[in-house]
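Source file: data09.txt (compact mmCIF, C-alpha atoms (C1' of nucleotides))
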```
# COMPACT_ATOMS: atom_id res chain seq x y z
CA MET A 1093 -15.38 -5.52 -16.61
CA LYS A 1094 -14.13 -5.81 -20.18
CA ILE A 1095 -10.70 -6.63 -21.48
CA ILE A 1096 -9.61 -4.76 -24.60
CA ASN A 1097 -6.08 -5.21 -25.95
CA GLU A 1098 -4.99 -6.68 -22.61
CA VAL A 1099 -6.24 -3.53 -20.92
CA VAL A 1100 -9.02 -3.88 -18.37
CA GLU A 1101 -11.99 -1.57 -18.39
CA ILE A 1102 -14.07 -1.53 -15.24
CA ASP A 1103 -17.53 -0.20 -14.51
CA GLY A 1104 -18.72 2.16 -11.81
CA ILE A 1105 -19.43 -0.53 -9.24
CA ASP A 1106 -15.95 -2.01 -9.66
CA LYS A 1107 -14.55 1.46 -9.22
CA GLU A 1108 -16.46 1.99 -5.99
CA ILE A 1109 -15.31 -1.36 -4.65
CA LEU A 1110 -11.69 -0.71 -5.54
CA ARG A 1111 -11.72 2.85 -4.28
CA SER A 1112 -13.02 1.65 -0.93
CA LEU A 1113 -10.36 -1.00 -0.63
CA MET A 1114 -7.58 1.23 -1.93
CA SER A 1115 -8.15 3.55 0.99
CA ASP A 1116 -8.73 0.80 3.55
CA ALA A 1117 -7.81 -2.71 2.55
CA ARG A 1118 -9.48 -4.20 5.63
CA LYS A 1119 -12.87 -2.66 5.07
CA PRO A 1120 -15.39 -5.52 5.36
CA ILE A 1121 -16.85 -6.65 2.05
CA LEU A 1122 -20.34 -6.48 3.51
CA GLU A 1123 -19.86 -2.86 4.48
CA ILE A 1124 -18.97 -2.06 0.88
CA ALA A 1125 -21.94 -4.13 -0.25
CA ARG A 1126 -24.33 -2.06 1.84
CA LYS A 1127 -22.82 1.15 0.52
CA VAL A 1128 -22.98 0.30 -3.18
CA GLY A 1129 -26.30 -1.49 -2.84
CA ILE A 1130 -25.55 -5.00 -4.04
CA SER A 1131 -25.09 -8.22 -2.10
CA GLY A 1132 -21.88 -9.35 -0.50
CA ALA A 1133 -21.81 -12.36 -2.79
CA ALA A 1134 -21.86 -10.09 -5.84
CA ILE A 1135 -18.94 -8.06 -4.51
CA HIS A 1136 -17.08 -11.31 -3.96
CA GLN A 1137 -17.73 -12.38 -7.51
CA ARG A 1138 -16.49 -9.05 -8.85
CA LEU A 1139 -13.38 -9.10 -6.70
CA ARG A 1140 -12.55 -12.60 -7.88
CA LYS A 1141 -12.74 -11.44 -11.49
CA LEU A 1142 -10.69 -8.34 -10.79
CA GLU A 1143 -8.05 -10.53 -9.20
CA GLU A 1144 -8.04 -12.90 -12.15
CA SER A 1145 -7.60 -9.95 -14.51
CA GLY A 1146 -4.37 -9.06 -12.72
CA LEU A 1147 -5.59 -5.58 -11.85
CA ILE A 1148 -5.34 -6.20 -8.14
CA ALA A 1149 -1.69 -6.48 -7.26
CA GLY A 1150 -2.29 -7.19 -3.59
CA SER A 1151 -2.90 -5.35 -0.37
CA LYS A 1152 -0.47 -3.77 2.01
CA PHE A 1153 -0.31 -2.32 5.47
CA MET A 1154 1.40 1.04 5.31
CA LEU A 1155 3.79 2.15 8.04
CA ASN A 1156 4.71 5.68 8.97
CA PRO A 1157 8.51 5.72 8.63
CA LYS A 1158 8.90 8.83 10.77
CA VAL A 1159 7.60 6.93 13.78
CA LEU A 1160 10.45 4.47 13.30
CA GLY A 1161 12.93 7.33 13.11
CA TYR A 1162 13.28 7.45 9.32
CA SER A 1163 12.75 11.04 8.34
CA THR A 1164 15.06 11.70 5.42
CA MET A 1165 14.07 10.67 1.92
CA ALA A 1166 16.48 11.13 -0.95
CA PHE A 1167 16.60 10.49 -4.66
CA ILE A 1168 19.97 9.48 -5.97
CA GLY A 1169 21.04 9.48 -9.61
CA ILE A 1170 23.76 6.92 -10.22
CA TYR A 1171 26.30 6.92 -13.03
CA LEU A 1172 27.63 3.47 -13.91
CA ASP A 1173 30.92 3.29 -15.76
CA LYS A 1174 30.14 0.07 -17.60
CA ALA A 1175 26.67 -0.78 -18.79
CA MET A 1176 27.48 -4.47 -18.51
CA ARG A 1177 27.62 -4.19 -14.78
CA ASN A 1178 24.11 -2.84 -14.41
CA PRO A 1179 22.37 -6.07 -13.33
CA GLU A 1180 25.00 -6.80 -10.71
CA ALA A 1181 24.87 -3.24 -9.41
CA VAL A 1182 21.09 -3.56 -9.04
CA ASN A 1183 21.54 -6.80 -7.15
CA GLN A 1184 23.81 -5.01 -4.72
CA LEU A 1185 21.29 -2.20 -4.35
CA LYS A 1186 18.66 -4.79 -3.42
CA GLU A 1187 20.86 -5.71 -0.48
CA ILE A 1188 20.51 -2.20 0.94
CA PRO A 1189 17.16 -2.23 2.77
CA GLU A 1190 16.93 1.55 2.75
CA VAL A 1191 16.65 1.52 -1.07
CA LEU A 1192 12.90 1.56 -1.70
CA GLU A 1193 12.86 2.07 -5.46
CA CYS A 1194 15.32 1.52 -8.26
CA HIS A 1195 14.73 2.51 -11.87
CA TYR A 1196 16.74 2.25 -15.05
CA THR A 1197 16.17 5.66 -16.54
CA THR A 1198 16.73 7.67 -19.66
CA GLY A 1199 18.81 10.80 -19.28
CA ASN A 1200 21.97 11.55 -17.37
CA TRP A 1201 22.08 8.59 -15.08
CA SER A 1202 22.04 4.85 -15.55
CA ILE A 1203 19.92 4.36 -12.46
CA LEU A 1204 17.72 6.46 -10.20
CA ILE A 1205 16.99 5.22 -6.69
CA LYS A 1206 14.79 6.39 -3.85
CA MET A 1207 16.28 5.87 -0.43
CA LEU A 1208 14.79 6.32 3.03
CA CYS A 1209 17.23 7.20 5.80
CA LYS A 1210 17.04 8.12 9.45
CA ASP A 1211 18.81 11.45 9.03
CA ASN A 1212 21.49 13.18 6.99
CA GLU A 1213 24.26 11.36 8.78
CA HIS A 1214 22.66 8.03 7.93
CA LEU A 1215 22.25 9.20 4.34
CA MET A 1216 25.93 10.05 4.14
CA TYR A 1217 26.87 6.69 5.59
CA LEU A 1218 24.71 4.84 3.08
CA LEU A 1219 26.05 6.87 0.18
CA ASN A 1220 29.71 6.54 1.07
CA GLN A 1221 29.81 3.09 2.59
CA LYS A 1222 27.12 1.26 0.67
CA VAL A 1223 26.16 2.86 -2.64
CA GLN A 1224 29.52 4.27 -3.69
CA THR A 1225 31.31 1.03 -2.90
CA ILE A 1226 29.29 -0.93 -5.44
CA GLU A 1227 31.48 -1.95 -8.37
CA GLY A 1228 30.73 0.12 -11.44
CA VAL A 1229 29.29 3.09 -9.58
CA SER A 1230 31.39 6.02 -10.71
CA ARG A 1231 29.43 8.99 -9.41
CA THR A 1232 26.17 9.90 -7.73
CA GLU A 1233 23.94 12.95 -7.50
CA THR A 1234 21.75 13.33 -4.46
CA PHE A 1235 18.46 15.16 -4.14
CA ILE A 1236 17.06 15.28 -0.65
CA SER A 1237 13.30 15.50 -0.33
CA LEU A 1238 12.72 18.41 2.02
CA ASN A 1239 9.01 17.84 2.02
CA GLN A 1240 6.69 15.42 0.25
CA GLN A 1241 3.49 17.14 -0.81
CA ILE A 1242 1.85 14.38 -2.83
CA ASP A 1243 1.90 10.62 -2.28
CA ARG A 1244 -0.84 8.61 -3.90
CA GLN A 1245 -1.79 5.77 -6.18
CA ILE A 1246 -3.27 5.82 -9.63
CA GLN A 1247 -6.78 7.24 -9.49
CA LEU A 1248 -9.86 5.45 -10.76
CA MET B 899 6.53 -1.58 22.28
CA LYS B 900 8.51 1.30 23.74
CA ILE B 901 8.56 4.93 22.79
CA ILE B 902 11.92 6.69 23.06
CA ASN B 903 12.28 10.29 21.85
CA GLU B 904 9.02 10.00 19.92
CA VAL B 905 10.47 7.01 18.08
CA VAL B 906 8.70 3.68 18.49
CA GLU B 907 10.64 0.52 19.20
CA ILE B 908 8.78 -2.71 18.62
CA ASP B 909 9.50 -6.27 19.69
CA GLY B 910 9.72 -9.43 17.65
CA ILE B 911 6.04 -10.31 17.90
CA ASP B 912 5.00 -6.86 16.70
CA LYS B 913 7.42 -7.27 13.82
CA GLU B 914 5.90 -10.60 12.84
CA ILE B 915 2.39 -9.16 12.97
CA LEU B 916 3.33 -6.13 10.92
CA ARG B 917 5.36 -8.09 8.41
CA SER B 918 2.40 -10.37 7.82
CA LEU B 919 0.02 -7.50 7.29
CA MET B 920 2.47 -5.47 5.22
CA SER B 921 2.50 -8.23 2.65
CA ASP B 922 -1.21 -9.00 2.87
CA ALA B 923 -3.38 -6.50 4.67
CA ARG B 924 -6.40 -8.82 4.62
CA LYS B 925 -4.72 -11.73 6.34
CA PRO B 926 -7.03 -12.79 9.19
CA ILE B 927 -5.79 -11.86 12.65
CA LEU B 928 -6.46 -15.38 13.86
CA GLU B 929 -4.24 -16.82 11.18
CA ILE B 930 -1.41 -14.59 12.36
CA ALA B 931 -2.24 -15.57 15.94
CA ARG B 932 -1.82 -19.25 15.14
CA LYS B 933 1.47 -18.59 13.37
CA VAL B 934 3.08 -16.51 16.11
CA GLY B 935 1.59 -18.59 18.91
CA ILE B 936 -0.43 -16.09 20.90
CA SER B 937 -4.16 -15.54 21.10
CA GLY B 938 -6.17 -13.47 18.66
CA ALA B 939 -7.14 -11.12 21.44
CA ALA B 940 -3.48 -10.43 22.18
CA ILE B 941 -2.78 -9.62 18.54
CA HIS B 942 -5.71 -7.27 18.67
CA GLN B 943 -4.41 -5.49 21.69
CA ARG B 944 -1.00 -5.09 20.08
CA LEU B 945 -2.47 -3.77 16.85
CA ARG B 946 -4.51 -1.22 18.75
CA LYS B 947 -1.41 0.05 20.49
CA LEU B 948 0.54 0.15 17.27
CA GLU B 949 -2.25 2.20 15.73
CA GLU B 950 -2.30 4.58 18.67
CA SER B 951 1.45 5.04 18.36
CA GLY B 952 0.95 6.31 14.82
CA LEU B 953 3.19 3.65 13.32
CA ILE B 954 0.38 2.16 11.28
CA ALA B 955 -0.53 4.68 8.60
CA GLY B 956 -3.32 2.56 7.14
CA SER B 957 -3.82 -0.23 4.67
CA LYS B 958 -4.19 -0.09 0.94
CA PHE B 959 -5.21 -2.25 -1.98
CA MET B 960 -2.54 -2.01 -4.65
CA LEU B 961 -3.47 -1.92 -8.31
CA ASN B 962 -1.35 -2.95 -11.24
CA PRO B 963 -1.25 0.18 -13.42
CA LYS B 964 -0.20 -1.74 -16.52
CA VAL B 965 -3.51 -3.57 -16.54
CA LEU B 966 -5.22 -0.18 -16.78
CA GLY B 967 -2.98 0.80 -19.66
CA TYR B 968 -0.52 2.92 -17.67
CA SER B 969 2.91 1.67 -18.58
CA THR B 970 5.17 4.73 -18.61
CA MET B 971 6.57 6.10 -15.39
CA ALA B 972 8.64 9.26 -15.41
CA PHE B 973 10.46 11.45 -12.93
CA ILE B 974 10.35 15.13 -13.76
CA GLY B 975 12.57 17.79 -12.26
CA ILE B 976 10.86 21.17 -12.29
CA TYR B 977 12.51 24.59 -12.20
CA LEU B 978 10.31 27.32 -10.76
CA ASP B 979 11.22 30.88 -11.63
CA LYS B 980 9.87 32.37 -8.43
CA ALA B 981 10.08 30.61 -5.12
CA MET B 982 7.00 32.47 -3.93
CA ARG B 983 4.86 30.57 -6.37
CA ASN B 984 5.82 27.13 -5.07
CA PRO B 985 2.70 26.43 -3.00
CA GLU B 986 0.40 27.42 -5.84
CA ALA B 987 2.37 25.35 -8.32
CA VAL B 988 2.04 22.34 -6.03
CA ASN B 989 -1.70 22.90 -5.81
CA GLN B 990 -1.89 22.78 -9.56
CA LEU B 991 0.17 19.60 -9.63
CA LYS B 992 -2.34 18.03 -7.23
CA GLU B 993 -4.98 18.60 -9.89
CA ILE B 994 -3.09 16.34 -12.29
CA PRO B 995 -4.13 12.80 -11.28
CA GLU B 996 -1.17 11.25 -13.04
CA VAL B 997 1.19 12.97 -10.58
CA LEU B 998 1.76 10.34 -7.89
CA GLU B 999 4.51 12.01 -5.88
CA CYS B 1000 5.73 15.55 -5.47
CA HIS B 1001 8.76 16.58 -3.45
CA TYR B 1002 10.47 19.84 -2.68
CA THR B 1003 14.10 18.91 -3.15
CA THR B 1004 17.59 20.17 -2.65
CA GLY B 1005 19.70 20.46 -5.77
CA ASN B 1006 19.00 21.70 -9.27
CA TRP B 1007 15.24 21.72 -9.18
CA SER B 1008 12.62 23.27 -6.99
CA ILE B 1009 10.39 20.25 -7.26
CA LEU B 1010 10.71 16.62 -8.30
CA ILE B 1011 7.59 14.73 -9.30
CA LYS B 1012 6.81 11.14 -10.23
CA MET B 1013 4.21 10.77 -12.94
CA LEU B 1014 2.47 7.70 -14.30
CA CYS B 1015 1.32 7.88 -17.92
CA LYS B 1016 -0.21 5.55 -20.44
CA ASP B 1017 2.57 5.92 -22.97
CA ASN B 1018 5.10 8.41 -24.32
CA GLU B 1019 2.45 10.34 -26.17
CA HIS B 1020 0.45 10.74 -23.00
CA LEU B 1021 3.63 11.81 -21.18
CA MET B 1022 4.27 14.47 -23.81
CA TYR B 1023 0.72 15.69 -23.55
CA LEU B 1024 0.91 15.95 -19.77
CA LEU B 1025 4.26 17.73 -19.90
CA ASN B 1026 3.30 20.26 -22.55
CA GLN B 1027 -0.35 20.84 -21.77
CA LYS B 1028 -0.47 20.37 -18.01
CA VAL B 1029 2.88 20.71 -16.26
CA GLN B 1030 4.51 23.34 -18.43
CA THR B 1031 1.41 25.53 -18.40
CA ILE B 1032 1.55 25.95 -14.62
CA GLU B 1033 2.49 29.51 -13.74
CA GLY B 1034 6.04 29.73 -12.47
CA VAL B 1035 7.26 26.56 -14.18
CA SER B 1036 10.17 27.69 -16.30
CA ARG B 1037 11.75 24.44 -17.38
CA THR B 1038 11.55 20.69 -16.78
CA GLU B 1039 13.87 17.74 -17.08
CA THR B 1040 12.34 14.36 -17.71
CA PHE B 1041 13.69 10.94 -16.77
CA ILE B 1042 11.68 8.04 -18.05
CA SER B 1043 11.79 4.86 -16.00
CA LEU B 1044 12.61 2.17 -18.52
CA ASN B 1045 12.31 -0.52 -15.92
CA GLN B 1046 11.62 -0.56 -12.19
CA GLN B 1047 13.74 -3.14 -10.43
CA ILE B 1048 12.91 -2.40 -6.82
CA ASP B 1049 9.63 -1.28 -5.27
CA ARG B 1050 9.18 -1.87 -1.57
CA GLN B 1051 8.41 -0.42 1.83
CA ILE B 1052 10.65 0.17 4.77
CA GLN B 1053 11.79 -3.15 6.19
CA LEU B 1054 11.34 -4.25 9.78
C1' DA C 1142 0.51 -8.18 28.40
C1' DA C 1143 -1.86 -12.45 27.56
C1' DT C 1144 -5.93 -15.52 28.09
C1' DG C 1145 -10.63 -17.93 27.30
C1' DA C 1146 -15.29 -17.22 26.63
C1' DA C 1147 -19.10 -15.26 24.33
C1' DA C 1148 -21.83 -12.27 21.34
C1' DT C 1149 -21.86 -10.37 16.96
C1' DA C 1150 -20.40 -9.98 12.20
C1' DT C 1151 -18.21 -11.55 8.20
C1' DC C 1152 -16.61 -14.85 4.81
C1' DG C 1153 -17.23 -17.44 0.94
C1' DG C 1154 -19.35 -21.26 -1.56
C1' DC C 1155 -23.76 -23.08 -3.56
C1' DG C 1156 -27.81 -23.34 -6.00
C1' DT C 1157 -31.28 -20.32 -8.05
C1' DT C 1158 -33.18 -16.60 -10.76
C1' DA D 721 -24.55 -10.87 -12.86
C1' DA D 722 -27.00 -10.74 -8.95
C1' DC D 723 -29.49 -12.99 -5.13
C1' DG D 724 -30.54 -15.43 -0.48
C1' DC D 725 -29.06 -18.96 2.33
C1' DC D 726 -25.97 -20.91 5.76
C1' DG D 727 -22.12 -23.36 8.06
C1' DA D 728 -17.53 -22.14 9.15
C1' DT D 729 -14.50 -18.36 10.64
C1' DA D 730 -13.22 -14.08 12.24
C1' DT D 731 -13.79 -9.96 15.00
C1' DT D 732 -14.10 -7.60 19.10
C1' DT D 733 -14.97 -6.89 23.91
C1' DC D 734 -14.51 -8.11 28.73
C1' DA D 735 -13.43 -10.12 33.06
C1' DT D 736 -9.54 -12.61 34.78
C1' DT D 737 -4.73 -13.87 35.71
```
Could you render the structure from this file as structure tokens?
Amino acid sequence: MKIINEVVEIDGIDKEILRSLMSDARKPILEIARKVGISGAAIHQRLRKLEESGLIAGSKFMLNPKVLGYSTMAFIGIYLDKAMRNPEAVNQLKEIPEVLECHYTTGNWSILIKMLCKDNEHLMYLLNQKVQTIEGVSRTETFISLNQQIDRQIQL
Amino acid sequence: MKIINEVVEIDGIDKEILRSLMSDARKPILEIARKVGISGAAIHQRLRKLEESGLIAGSKFMLNPKVLGYSTMAFIGIYLDKAMRNPEAVNQLKEIPEVLECHYTTGNWSILIKMLCKDNEHLMYLLNQKVQTIEGVSRTETFISLNQQIDRQIQL
DNA sequence: AATGAAATATCGGCGTT
DNA sequence: AACGCCGATATTTCATT
């Protein structure tokens, strides 16, 4: 692992380790060790360095939202009427648990959010009663995801 | 844990277990057991049932893309000139590793994608040389994420 | 649905090469 | 950077309540 201009470059063994853990964060270190052909202690050492470099942001259990009844994903472009209110509007968006992402973006909108709802009725409720009531929100444009074909992380 | 209309309802202990693992997938089961006050074996049993229910989609190591030099995220709305070509266009998008999400959406576009690039130059390259060259893609609209304020999973 | 016990496997630090 | 070693923990199964 080398660090060049604050950017980390990793070798093939690091890649194998990370690829294993990116697909299954609970895979035992020793299992990875056997697969890549070095000792568990060496994997440990490499993981410690990768953590110190900041490359590893953490590990997460992923849930299947559909099983909890959340089956409608939507992207919503938000127009704010006063740029000064942006930080406060974002704070209010944080209070809506269904908002999974929030980006300041170039282009038409001030903000683009991704929202996960149970169904269209729930989406309408969140739009009208939660998002549109935030001070500064003047208008929204909604794009419902009919079907998500790709969902992945950065590839190594 | 109860299943009603194919939707899973979980109790408070399941929630505590899942919340723990959603924030750190490698947290030892026994540590969670001590925290919630039941035995490790019981946690195990619950996790097995949660897996069987399909609620647990897996676990992932998360990387910090900036440390790899990827610091520009963009959303791109894609117009396709013939609906028949959609599946093939999506296949081609899958071949672009920088495309992290791809949704069929309602609204202006046929497809909305999320793409992670090193910088603006890389974004331009991907747009002109990769995305725009896909057969059927007639036009794109790009929204660069200047700053991501929220990034989270569904909350329990 | 939870428990304790028990066998097996892993974790993670240390000193060495 | 990698290794073997090893005590402490964790995992996982099973009979029992």
Exercise for review: Do a neighbour search on range 727-735 of chain D at 10 Å with all atoms listed in the file, toss out local chain neighbours closer than 6 positions, and write the hits as a list in words.
Suggested key: Pro926, Ile927, Leu928, Glu929, Gly938, Ala939 and His942 of chain B; DA1146, DA1147, DA1148, DT1149, DA1150, DT1151, DC1152 and DG1153 of chain C
Check your understanding: Quick one: residues within 12 Å of Asn1018 in chain B, all atoms listed in the file counted, chain neighbours fewer than 6 positions away excluded, as a count of residues only?
Key -> 12
Revision key, fill the gap. Using all atoms listed in the file, the residue out of A:Leu1248, A:His1214, A:Arg1118, A:Ser1145 with shortest distance to Gly1104 in chain A is A:Leu1248
Exercise for review: Extract, using only C-alpha atoms (C1' of nucleotides), all DNA, RNA and protein residues at most 7 Å from Glu1039 in chain B, discarding same-chain residues fewer than 4 positions from it, and format them as an NGL selection string.
Suggested key: :B and (974-976)
Check your understanding: Closest to DA1142 in chain C among B:Val905, B:Ile994, B:Ala940, B:Ala923, using only C-alpha atoms (C1' of nucleotides)?
Key -> B:Ala940
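The smallest atom-to-atom distance between chain C and any of A:Ile1135, A:Met1216, A:Ile1205, A:Ile1246, using all atoms listed in the file, is found for A:Ile1135.
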May I have the centre and edge lengths, in Å to one decimal, of an axis-aligned box around the listed atoms of range 723-732 of chain D with 3 Å added to every side, as AutoDock Vina command-line options?
```
--center_x -21.9 --center_y -15.5 --center_z 7.0 --size_x 23.3 --size_y 21.8 --size_z 30.2
```
Which residues of chain B come within 8 Å of chain A, and for each one, what is the closest pair of atoms and their distance in Å to one decimal, counting only C-alpha atoms, sorted by chain and residue number, as a Markdown table?
```
| residue | atom | partner | partner_atom | distance |
| --- | --- | --- | --- | --- |
| B:Glu904 | CA | A:Val1159 | CA | 7.0 |
| B:Val905 | CA | A:Val1159 | CA | 5.2 |
| B:Val906 | CA | A:Leu1160 | CA | 5.5 |
| B:Glu907 | CA | A:Leu1160 | CA | 7.1 |
| B:Leu916 | CA | A:Phe1153 | CA | 7.6 |
| B:Leu919 | CA | A:Phe1153 | CA | 5.5 |
| B:Met920 | CA | A:Phe1153 | CA | 4.2 |
| B:Ser921 | CA | A:Lys1152 | CA | 5.4 |
| B:Asp922 | CA | A:Ser1151 | CA | 5.2 |
| B:Ala923 | CA | A:Lys1152 | CA | 4.8 |
| B:Arg924 | CA | A:Arg1118 | CA | 5.6 |
| B:Ser951 | CA | A:Val1159 | CA | 7.9 |
| B:Gly952 | CA | A:Val1159 | CA | 6.8 |
| B:Leu953 | CA | A:Asn1156 | CA | 5.0 |
| B:Ile954 | CA | A:Leu1155 | CA | 4.7 |
| B:Ala955 | CA | A:Leu1155 | CA | 5.0 |
| B:Gly956 | CA | A:Met1154 | CA | 5.3 |
| B:Ser957 | CA | A:Phe1153 | CA | 4.2 |
| B:Lys958 | CA | A:Met1114 | CA | 4.6 |
| B:Phe959 | CA | A:Ser1151 | CA | 4.2 |
| B:Met960 | CA | A:Ala1149 | CA | 5.2 |
| B:Leu961 | CA | A:Ile1148 | CA | 4.7 |
| B:Asn962 | CA | A:Leu1147 | CA | 5.0 |
| B:Pro963 | CA | A:Ile1246 | CA | 7.1 |
| B:Lys964 | CA | A:Val1099 | CA | 7.7 |
| B:Val965 | CA | A:Val1099 | CA | 5.2 |
| B:Leu966 | CA | A:Val1099 | CA | 5.4 |
| B:Gly967 | CA | A:Val1099 | CA | 5.6 |
| B:Val988 | CA | A:Gln1241 | CA | 7.5 |
| B:Lys992 | CA | A:Ile1242 | CA | 7.1 |
| B:Pro995 | CA | A:Gln1247 | CA | 6.4 |
| B:Glu996 | CA | A:Ile1246 | CA | 6.7 |
| B:Val997 | CA | A:Ile1242 | CA | 7.9 |
| B:Leu998 | CA | A:Arg1244 | CA | 5.1 |
| B:Glu999 | CA | A:Asp1243 | CA | 4.7 |
| B:Cys1000 | CA | A:Ile1242 | CA | 4.8 |
| B:His1001 | CA | A:Gln1240 | CA | 4.4 |
| B:Tyr1002 | CA | A:Asn1239 | CA | 5.3 |
| B:Thr1003 | CA | A:Ser1237 | CA | 4.5 |
| B:Thr1004 | CA | A:Phe1235 | CA | 5.3 |
| B:Gly1005 | CA | A:Phe1235 | CA | 5.7 |
| B:Leu1014 | CA | A:Ile1246 | CA | 7.6 |
| B:Thr1040 | CA | A:Gly1199 | CA | 7.5 |
| B:Phe1041 | CA | A:Thr1198 | CA | 5.3 |
| B:Ile1042 | CA | A:Thr1197 | CA | 5.3 |
| B:Ser1043 | CA | A:Thr1197 | CA | 4.5 |
| B:Leu1044 | CA | A:Thr1197 | CA | 5.4 |
| B:Asn1045 | CA | A:Tyr1196 | CA | 5.3 |
| B:Gln1046 | CA | A:His1195 | CA | 4.4 |
| B:Gln1047 | CA | A:Cys1194 | CA | 5.4 |
| B:Ile1048 | CA | A:Glu1193 | CA | 4.7 |
| B:Asp1049 | CA | A:Glu1193 | CA | 4.7 |
| B:Arg1050 | CA | A:Leu1192 | CA | 5.1 |
| B:Gln1051 | CA | A:Leu1192 | CA | 6.0 |
| B:Ile1052 | CA | A:Glu1190 | CA | 6.7 |
| B:Gln1053 | CA | A:Pro1189 | CA | 6.4 |
```
Check your understanding: Mind listing as an MDAnalysis selection string which residues of chain D are within 12 Å of chain A, counting all atoms listed in the file?
Key -> chainID D and resid 721:725 730:731
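We find CA of Gly935 in chain B and CA of Lys900 in chain B to be spaced 21.6 Å apart.
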Review point. Any idea what's packed within 9 Å of range 1171-1173 of chain A, counting all atoms listed in the file, ignoring anything in its chain fewer than 3 positions away? Could you give it as a count of residues only?
Key: 15
Exercise for review: Tell me, in Å to one decimal, how far CA of Ala931 in chain B is from C1' of DT736 in chain D.
Suggested key: 20.4 Å
Exercise for review: May I have the residues of chain C within 10 Å of chain B, counting all atoms listed in the file, written as number ranges by chain?
Suggested key: C: 1142-1145
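Taking CA of Lys913 in chain B as the reference point, CA of Tyr1217 in chain A is found at 25.3 Å.
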Reconstruct N, CA and C atoms of range 942-953 of chain B from the incomplete input and present them as a tab-separated table (two decimals), in the coordinates of the input.
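So part-v2.tsv came out as:
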```tsv
chain	number	residue	atom	x	y	z
B	942	HIS	N	-4.85	-8.43	18.73
B	942	HIS	CA	-5.71	-7.27	18.67
B	942	HIS	C	-5.21	-6.13	19.51
B	943	GLN	N	-4.90	-6.48	20.73
B	943	GLN	CA	-4.41	-5.49	21.69
B	943	GLN	C	-3.14	-4.83	21.16
B	944	ARG	N	-2.25	-5.63	20.61
B	944	ARG	CA	-1.00	-5.09	20.08
B	944	ARG	C	-1.27	-4.17	18.89
B	945	LEU	N	-2.17	-4.61	18.02
B	945	LEU	CA	-2.47	-3.77	16.85
B	945	LEU	C	-3.07	-2.44	17.27
B	946	ARG	N	-3.91	-2.48	18.31
B	946	ARG	CA	-4.51	-1.22	18.75
B	946	ARG	C	-3.44	-0.26	19.26
B	947	LYS	N	-2.49	-0.81	19.98
B	947	LYS	CA	-1.41	0.05	20.49
B	947	LYS	C	-0.53	0.57	19.36
B	948	LEU	N	-0.28	-0.29	18.40
B	948	LEU	CA	0.54	0.15	17.27
B	948	LEU	C	-0.18	1.26	16.49
B	949	GLU	N	-1.50	1.14	16.40
B	949	GLU	CA	-2.25	2.20	15.73
B	949	GLU	C	-2.18	3.50	16.51
B	950	GLU	N	-2.36	3.37	17.84
B	950	GLU	CA	-2.30	4.58	18.67
B	950	GLU	C	-0.94	5.25	18.59
B	951	SER	N	0.10	4.47	18.42
B	951	SER	CA	1.45	5.04	18.36
B	951	SER	C	1.67	5.83	17.08
B	952	GLY	N	0.79	5.61	16.09
B	952	GLY	CA	0.95	6.31	14.82
B	952	GLY	C	1.80	5.55	13.82
B	953	LEU	N	2.32	4.41	14.24
B	953	LEU	CA	3.19	3.65	13.32
B	953	LEU	C	2.41	3.12	12.12
```
